[in-house]
Protein chains: 2
Amino acid sequence: MTGQLSLVSIGPGALDQLTVRALEVIRAAEVVVGYKSYVHRIESLLEGKTVVGSGMRQELERCTEAIRWAQSGKKTVLISSGDVGIYGMAGPAYEMLLQAGWSPEQGVRVEVIPGVSALNACAALVGAPLTHDFCAISLSDLLTPWAVIQRRLVAAAQADFVTALYNPKSHKRTTQIVEAQHIFLQYRLPATPVAVVTGAFREDGGAILTNLAQMVEHTIDMETTVLIGNSSTFTQAGLMVTPRGYGSKYDLAAAFAAS
Amino acid sequence: MTGQLSLVSIGPGALDQLTVRALEVIRAAEVVVGYKSYVHRIESLLEGKTVVGSGMRQELERCTEAIRWAQSGKKTVLISSGDVGIYGMAGPAYEMLLQAGWSPEQGVRVEVIPGVSALNACAALVGAPLTHDFCAISLSDLLTPWAVIQRRLVAAAQADFVTALYNPKSHKRTTQIVEAQHIFLQYRLPATPVAVVTGAFREDGGAILTNLAQMVEHTIDMETTVLIGNSSTFTQAGLMVTPRGYGSKYDLAAAFAAS
């Protein structure tokens, strides 16, 4: 009896932001494992299934639980908010499987179902900030030394990447976002556009367009993603846009008028 | 009569990698505009609609066309492969609208439907390479000076970002991927894991796990995304995994055995 473990992305919020494939796999599952508030978000899909919800910081327990259920022969889904492969549960799940000697040729079948990560979602809500090179940096120093994160912030700021900050702030972790702001201010103008997006594609969510100088004056929490523009990013009419380069090479208004 | 312009992500390949929302919006559309091979990919959804497909490098023509149809009162969809907001058509479409004086308060309604970008898709196919900080760099110097791209490659390599290379190579553009490799080899070991993924989630697609020293020996084209691991990324059992940090902090095998 060989089980199936599907590592499934449930996207940023509303159910219609899941991929068709993610929905199918959840519907076909016998067991669904996840952080309890994410499980709650897909509750309408869970009738008749074994549901295992657990608390924050219990990532390894969730992996173990999901692997055990899959090994027992059940079609098991382990969910992550956003994209399961981007700072999500796909990492620890595969690490645990591999360290326990699993391989794709024997034991449970494992698949990753990609989805809409926070950066994809936030970008869509505020305009088109990710039309040029970008990076994602998590400000959580729980498992990564702050010196490593600092070095990446400096590199991102220096090399003019549009930058998405994941896990910018929590109740206990409040200084990192301020330090990130200070690093960026050494390389970019105070007026550089910044989007502060909390709960993207959720009913209680909201997006604020601000700038590098003022970004920390807004409410930022564990549900927030912060997008810092590059040196070409502009805001107009309430939208944040990073040009791909078309504007400098062609006259867009003329192209439009002439067509 | 106010039209609707939806900038829609059609994901990496198979139709089941679209979000539910993207499918709904395409189904409800009266006009669908896109690069012809992307239009072809969603052909089964297009019956009864006005379809405007055009060739490569005609991004501005597609924007103009889509905006005109929306202004005429039609429910219009402009599609991009992957995520429309990540190096996609959302950028030039918004730029063109804004330069023509449009604002969200007047004229056509505009929305962006996020989706699964190449980096999300490729990561899912090869394991869990994006569990830590990453960046995306396009190697196309058509609209970006090569010096800017070089600077970003150096920054990404130095600061140990997992790096997704978009547009790594075309018929005419063949040296950039080799230069990118040389830059990374200055900062990372030749054995650093690299994934070369072409046509992710398409029937003719394939993923190859290789390393920094050998990556350019594999077929790389316009449909390829190259993922370069960071200094902690490893391959095992045919999978590419970047640890989030759990492995160094906990003993995963023991956690698993003890549970």
# chains A, B, ... in the order shown; residues from 1 in each chain; ligands from 1
>>> select_by_dssp(residues="stretch 41-209 of chain B", states="strand (DSSP E or B)", output="number ranges by chain")
B: 50-54, 75-80, 82, 103, 106, 109-113, 127-128, 134-138, 162-166, 193-198, 206-209
>>> closest_atom_pairs(of="chain A", to="chain B", cutoff="7 Å", atoms="only C-alpha atoms", output="tab-separated table")
residue	atom	partner	partner_atom	distance
A:Asp16	CA	B:Val20	CA	4.8
A:Gln17	CA	B:Thr19	CA	5.4
A:Leu18	CA	B:Thr19	CA	5.2
A:Thr19	CA	B:Thr19	CA	3.8
A:Val20	CA	B:Asp16	CA	4.8
A:Arg21	CA	B:Asp16	CA	5.0
A:Thr64	CA	B:Phe256	CA	5.8
A:Gly85	CA	B:Ala128	CA	5.6
A:Ile86	CA	B:Leu130	CA	5.1
A:Tyr87	CA	B:Thr131	CA	4.2
A:Gly88	CA	B:Thr131	CA	6.3
A:Ala90	CA	B:Ala128	CA	5.6
A:Gly91	CA	B:Ala128	CA	5.1
A:Pro92	CA	B:Tyr246	CA	6.9
A:Met96	CA	B:Leu252	CA	5.6
A:Gln99	CA	B:Ala253	CA	5.6
A:Ala100	CA	B:Ala253	CA	5.5
A:Ser103	CA	B:Ala237	CA	5.5
A:Pro104	CA	B:Ala237	CA	6.9
A:Val112	CA	B:Ala124	CA	5.1
A:Ile113	CA	B:Ala124	CA	6.4
A:Pro114	CA	B:Ala124	CA	5.8
A:Gly115	CA	B:Val116	CA	5.4
A:Val116	CA	B:Gly115	CA	5.4
A:Asn120	CA	B:Pro114	CA	5.9
A:Ala121	CA	B:Pro114	CA	5.9
A:Ala123	CA	B:Gly85	CA	6.6
A:Ala124	CA	B:Val112	CA	5.1
A:Ala128	CA	B:Gly91	CA	5.1
A:Leu130	CA	B:Ile86	CA	5.1
A:Thr131	CA	B:Tyr87	CA	4.2
A:His132	CA	B:Tyr87	CA	5.9
A:Asp133	CA	B:Ile137	CA	4.9
A:Phe134	CA	B:Ala136	CA	5.5
A:Cys135	CA	B:Cys135	CA	3.8
A:Ala136	CA	B:Phe134	CA	5.5
A:Ile137	CA	B:Asp133	CA	4.9
A:Ser138	CA	B:Asp133	CA	6.5
A:Leu143	CA	B:Gly245	CA	5.1
A:Thr144	CA	B:Gly245	CA	6.5
A:Arg151	CA	B:Ala159	CA	6.1
A:Arg152	CA	B:Ala159	CA	5.2
A:Ala155	CA	B:Ala155	CA	5.3
A:Ala159	CA	B:Arg152	CA	5.2
A:Ala237	CA	B:Ser103	CA	5.5
A:Val241	CA	B:Gly91	CA	6.5
A:Thr242	CA	B:Gly91	CA	6.8
A:Pro243	CA	B:Gly91	CA	6.2
A:Arg244	CA	B:Gly91	CA	6.7
A:Gly245	CA	B:Leu143	CA	5.1
A:Tyr246	CA	B:Leu143	CA	6.8
A:Leu252	CA	B:Met96	CA	5.6
A:Ala253	CA	B:Ala100	CA	5.5
A:Phe256	CA	B:Thr64	CA	5.8
>>> residues_around(residues="B:Val178", least_positions_apart="6", cutoff="12 Å", atoms="only C-alpha atoms", output="list in words")
Leu139, Gln150, Leu153, Leu165, Pro168, Lys169, Phe184, Leu185, Leu212, Ala213, Gln214, Met215, Val216, Glu217, His218 and Ile220 of chain B
>>> select_by_dssp(residues="stretch 30-183 of chain A", states="helix (DSSP H, G or I)", output="NGL selection string")
:A and (36-41 or 43-45 or 59-71 or 90-99 or 118-126 or 146-158 or 176-183)
>>> write_last_selection(atoms="C-alpha atoms", output="JSON list (two decimals), in the first residue's frame")
[["chain", "number", "residue", "atom", "x", "y", "z"],
["A", 36, "LYS", "CA", -4.95, 25.73, 11.77],
["A", 37, "SER", "CA", -5.77, 29.17, 10.38],
["A", 38, "TYR", "CA", -4.88, 27.97, 6.86],
["A", 39, "VAL", "CA", -7.03, 24.87, 7.37],
["A", 40, "HIS", "CA", -9.84, 27.20, 8.41],
["A", 41, "ARG", "CA", -9.46, 29.12, 5.16],
["A", 43, "GLU", "CA", -12.87, 24.66, 5.45],
["A", 44, "SER", "CA", -15.60, 24.44, 2.83],
["A", 45, "LEU", "CA", -13.54, 21.79, 1.01],
["A", 59, "GLU", "CA", 6.12, 22.92, 11.21],
["A", 60, "LEU", "CA", 8.05, 19.74, 11.97],
["A", 61, "GLU", "CA", 5.12, 18.16, 13.78],
["A", 62, "ARG", "CA", 2.93, 18.89, 10.74],
["A", 63, "CYS", "CA", 5.48, 17.29, 8.41],
["A", 64, "THR", "CA", 5.76, 14.22, 10.59],
["A", 65, "GLU", "CA", 2.01, 13.92, 10.86],
["A", 66, "ALA", "CA", 1.50, 14.28, 7.11],
["A", 67, "ILE", "CA", 4.22, 11.77, 6.26],
["A", 68, "ARG", "CA", 2.80, 9.23, 8.75],
["A", 69, "TRP", "CA", -0.68, 9.51, 7.24],
["A", 70, "ALA", "CA", 0.72, 9.13, 3.72],
["A", 71, "GLN", "CA", 2.78, 6.12, 4.79],
["A", 90, "ALA", "CA", 7.75, 21.78, 0.73],
["A", 91, "GLY", "CA", 11.24, 22.45, 2.12],
["A", 92, "PRO", "CA", 10.96, 20.87, 5.58],
["A", 93, "ALA", "CA", 8.77, 18.04, 4.23],
["A", 94, "TYR", "CA", 11.35, 17.01, 1.64],
["A", 95, "GLU", "CA", 14.19, 17.48, 4.13],
["A", 96, "MET", "CA", 12.50, 15.21, 6.61],
["A", 97, "LEU", "CA", 11.68, 12.58, 4.00],
["A", 98, "LEU", "CA", 15.22, 12.56, 2.61],
["A", 99, "GLN", "CA", 16.84, 12.43, 6.04],
["A", 118, "ALA", "CA", 2.47, 36.49, -1.49],
["A", 119, "LEU", "CA", 4.66, 38.33, -3.96],
["A", 120, "ASN", "CA", 2.53, 37.37, -6.93],
["A", 121, "ALA", "CA", -0.63, 38.35, -5.03],
["A", 122, "CYS", "CA", 0.63, 41.64, -3.66],
["A", 123, "ALA", "CA", 2.00, 42.70, -7.02],
["A", 124, "ALA", "CA", -1.38, 42.05, -8.66],
["A", 125, "LEU", "CA", -3.20, 44.16, -6.08],
["A", 126, "VAL", "CA", -1.03, 47.27, -6.36],
["A", 146, "TRP", "CA", 20.61, 38.40, 11.02],
["A", 147, "ALA", "CA", 24.05, 39.05, 9.46],
["A", 148, "VAL", "CA", 23.06, 36.89, 6.45],
["A", 149, "ILE", "CA", 19.77, 38.75, 6.08],
["A", 150, "GLN", "CA", 21.55, 42.11, 6.37],
["A", 151, "ARG", "CA", 24.00, 41.16, 3.65],
["A", 152, "ARG", "CA", 21.11, 40.26, 1.34],
["A", 153, "LEU", "CA", 19.29, 43.51, 2.09],
["A", 154, "VAL", "CA", 22.41, 45.48, 1.20],
["A", 155, "ALA", "CA", 22.92, 43.48, -2.01],
["A", 156, "ALA", "CA", 19.27, 43.91, -3.04],
["A", 157, "ALA", "CA", 19.35, 47.64, -2.33],
["A", 158, "GLN", "CA", 22.70, 48.22, -4.07],
["A", 176, "GLN", "CA", 14.23, 44.22, 11.58],
["A", 177, "ILE", "CA", 11.85, 46.15, 9.33],
["A", 178, "VAL", "CA", 13.30, 49.43, 10.59],
["A", 179, "GLU", "CA", 16.83, 48.24, 9.93],
["A", 180, "ALA", "CA", 15.80, 47.08, 6.46],
["A", 181, "GLN", "CA", 14.37, 50.54, 5.80],
["A", 182, "HIS", "CA", 17.62, 52.18, 6.91],
["A", 183, "ILE", "CA", 19.67, 49.94, 4.63]]
>>> atom_distance(atom1="atom CA of B:Thr198", atom2="atom CA of B:Gly82")
13.0 Å
>>> residues_around(residues="B:Gly205", least_positions_apart="2", cutoff="12 Å", atoms="only C-alpha atoms", output="PyMOL selection string")
chain B and resi 12-14+121-122+125+196-203+207-208+219-221+223-225
>>> write_last_selection(atoms="N, CA and C atoms", output="PDB file, in the first residue's frame")
ATOM      1  N   PRO B  12       2.155  28.248 -16.215  1.00  0.00           N
ATOM      2  CA  PRO B  12       3.292  27.738 -16.973  1.00  0.00           C
ATOM      3  C   PRO B  12       2.925  26.852 -18.160  1.00  0.00           C
ATOM      4  N   GLY B  13       1.802  26.151 -18.088  1.00  0.00           N
ATOM      5  CA  GLY B  13       1.547  25.214 -19.175  1.00  0.00           C
ATOM      6  C   GLY B  13       0.136  24.674 -19.130  1.00  0.00           C
ATOM      7  N   ALA B  14      -0.032  23.531 -18.499  1.00  0.00           N
ATOM      8  CA  ALA B  14      -1.321  22.844 -18.480  1.00  0.00           C
ATOM      9  C   ALA B  14      -2.420  23.747 -17.919  1.00  0.00           C
ATOM     10  N   ALA B 121       6.638  27.400 -10.737  1.00  0.00           N
ATOM     11  CA  ALA B 121       6.425  26.125 -11.434  1.00  0.00           C
ATOM     12  C   ALA B 121       7.691  25.274 -11.430  1.00  0.00           C
ATOM     13  N   CYS B 122       8.812  25.897 -11.756  1.00  0.00           N
ATOM     14  CA  CYS B 122      10.066  25.144 -11.841  1.00  0.00           C
ATOM     15  C   CYS B 122      10.450  24.604 -10.480  1.00  0.00           C
ATOM     16  N   LEU B 125       8.589  21.493  -9.616  1.00  0.00           N
ATOM     17  CA  LEU B 125       8.961  20.302 -10.391  1.00  0.00           C
ATOM     18  C   LEU B 125      10.258  19.654  -9.925  1.00  0.00           C
ATOM     19  N   VAL B 196      17.705  23.038 -14.715  1.00  0.00           N
ATOM     20  CA  VAL B 196      17.416  23.606 -16.035  1.00  0.00           C
ATOM     21  C   VAL B 196      16.040  23.066 -16.432  1.00  0.00           C
ATOM     22  N   VAL B 197      15.051  23.931 -16.361  1.00  0.00           N
ATOM     23  CA  VAL B 197      13.669  23.479 -16.570  1.00  0.00           C
ATOM     24  C   VAL B 197      13.103  24.128 -17.833  1.00  0.00           C
ATOM     25  N   THR B 198      12.666  23.304 -18.755  1.00  0.00           N
ATOM     26  CA  THR B 198      12.127  23.809 -20.019  1.00  0.00           C
ATOM     27  C   THR B 198      10.681  23.345 -20.172  1.00  0.00           C
ATOM     28  N   GLY B 199       9.792  24.296 -20.446  1.00  0.00           N
ATOM     29  CA  GLY B 199       8.388  23.935 -20.656  1.00  0.00           C
ATOM     30  C   GLY B 199       7.745  23.281 -19.451  1.00  0.00           C
ATOM     31  N   ALA B 200       7.937  23.885 -18.276  1.00  0.00           N
ATOM     32  CA  ALA B 200       7.367  23.328 -17.044  1.00  0.00           C
ATOM     33  C   ALA B 200       5.860  23.106 -17.187  1.00  0.00           C
ATOM     34  N   PHE B 201       5.372  21.977 -16.706  1.00  0.00           N
ATOM     35  CA  PHE B 201       3.955  21.630 -16.746  1.00  0.00           C
ATOM     36  C   PHE B 201       3.386  21.613 -18.158  1.00  0.00           C
ATOM     37  N   ARG B 202       4.273  21.334 -19.141  1.00  0.00           N
ATOM     38  CA  ARG B 202       3.785  21.083 -20.493  1.00  0.00           C
ATOM     39  C   ARG B 202       4.175  19.663 -20.868  1.00  0.00           C
ATOM     40  N   GLU B 203       3.421  19.091 -21.802  1.00  0.00           N
ATOM     41  CA  GLU B 203       3.671  17.696 -22.154  1.00  0.00           C
ATOM     42  C   GLU B 203       5.080  17.488 -22.700  1.00  0.00           C
ATOM     43  N   ALA B 207      12.782  18.633 -16.917  1.00  0.00           N
ATOM     44  CA  ALA B 207      13.642  19.255 -15.908  1.00  0.00           C
ATOM     45  C   ALA B 207      14.914  18.435 -15.764  1.00  0.00           C
ATOM     46  N   ILE B 208      16.036  19.137 -15.757  1.00  0.00           N
ATOM     47  CA  ILE B 208      17.331  18.474 -15.586  1.00  0.00           C
ATOM     48  C   ILE B 208      18.001  19.044 -14.345  1.00  0.00           C
ATOM     49  N   THR B 219      20.547  21.788 -23.008  1.00  0.00           N
ATOM     50  CA  THR B 219      19.770  22.631 -23.917  1.00  0.00           C
ATOM     51  C   THR B 219      19.033  23.709 -23.121  1.00  0.00           C
ATOM     52  N   ILE B 220      19.291  24.948 -23.468  1.00  0.00           N
ATOM     53  CA  ILE B 220      18.650  26.092 -22.810  1.00  0.00           C
ATOM     54  C   ILE B 220      18.107  26.981 -23.918  1.00  0.00           C
ATOM     55  N   ASP B 221      16.818  27.319 -23.838  1.00  0.00           N
ATOM     56  CA  ASP B 221      16.238  28.191 -24.858  1.00  0.00           C
ATOM     57  C   ASP B 221      15.262  29.176 -24.216  1.00  0.00           C
ATOM     58  N   GLU B 223      12.257  28.988 -23.670  1.00  0.00           N
ATOM     59  CA  GLU B 223      11.236  28.366 -22.820  1.00  0.00           C
ATOM     60  C   GLU B 223      11.837  27.820 -21.524  1.00  0.00           C
ATOM     61  N   THR B 224      13.125  28.110 -21.317  1.00  0.00           N
ATOM     62  CA  THR B 224      13.835  27.537 -20.172  1.00  0.00           C
ATOM     63  C   THR B 224      13.930  28.531 -19.021  1.00  0.00           C
ATOM     64  N   THR B 225      13.823  28.030 -17.810  1.00  0.00           N
ATOM     65  CA  THR B 225      14.187  28.795 -16.629  1.00  0.00           C
ATOM     66  C   THR B 225      15.325  28.042 -15.937  1.00  0.00           C
TER      67      THR B 225
END
>>> closest_residue(among="A:Val25, A:Met222, A:Ile79, A:Leu189", to="A:Ser140", atoms="only C-alpha atoms")
A:Met222
>>> atom_distance(atom1="atom CA of B:Val226", atom2="atom CA of B:Tyr35")
22.6 Å
>>> atom_distance(atom1="atom CA of A:Gly3", atom2="atom CA of A:Val108")
4.9 Å
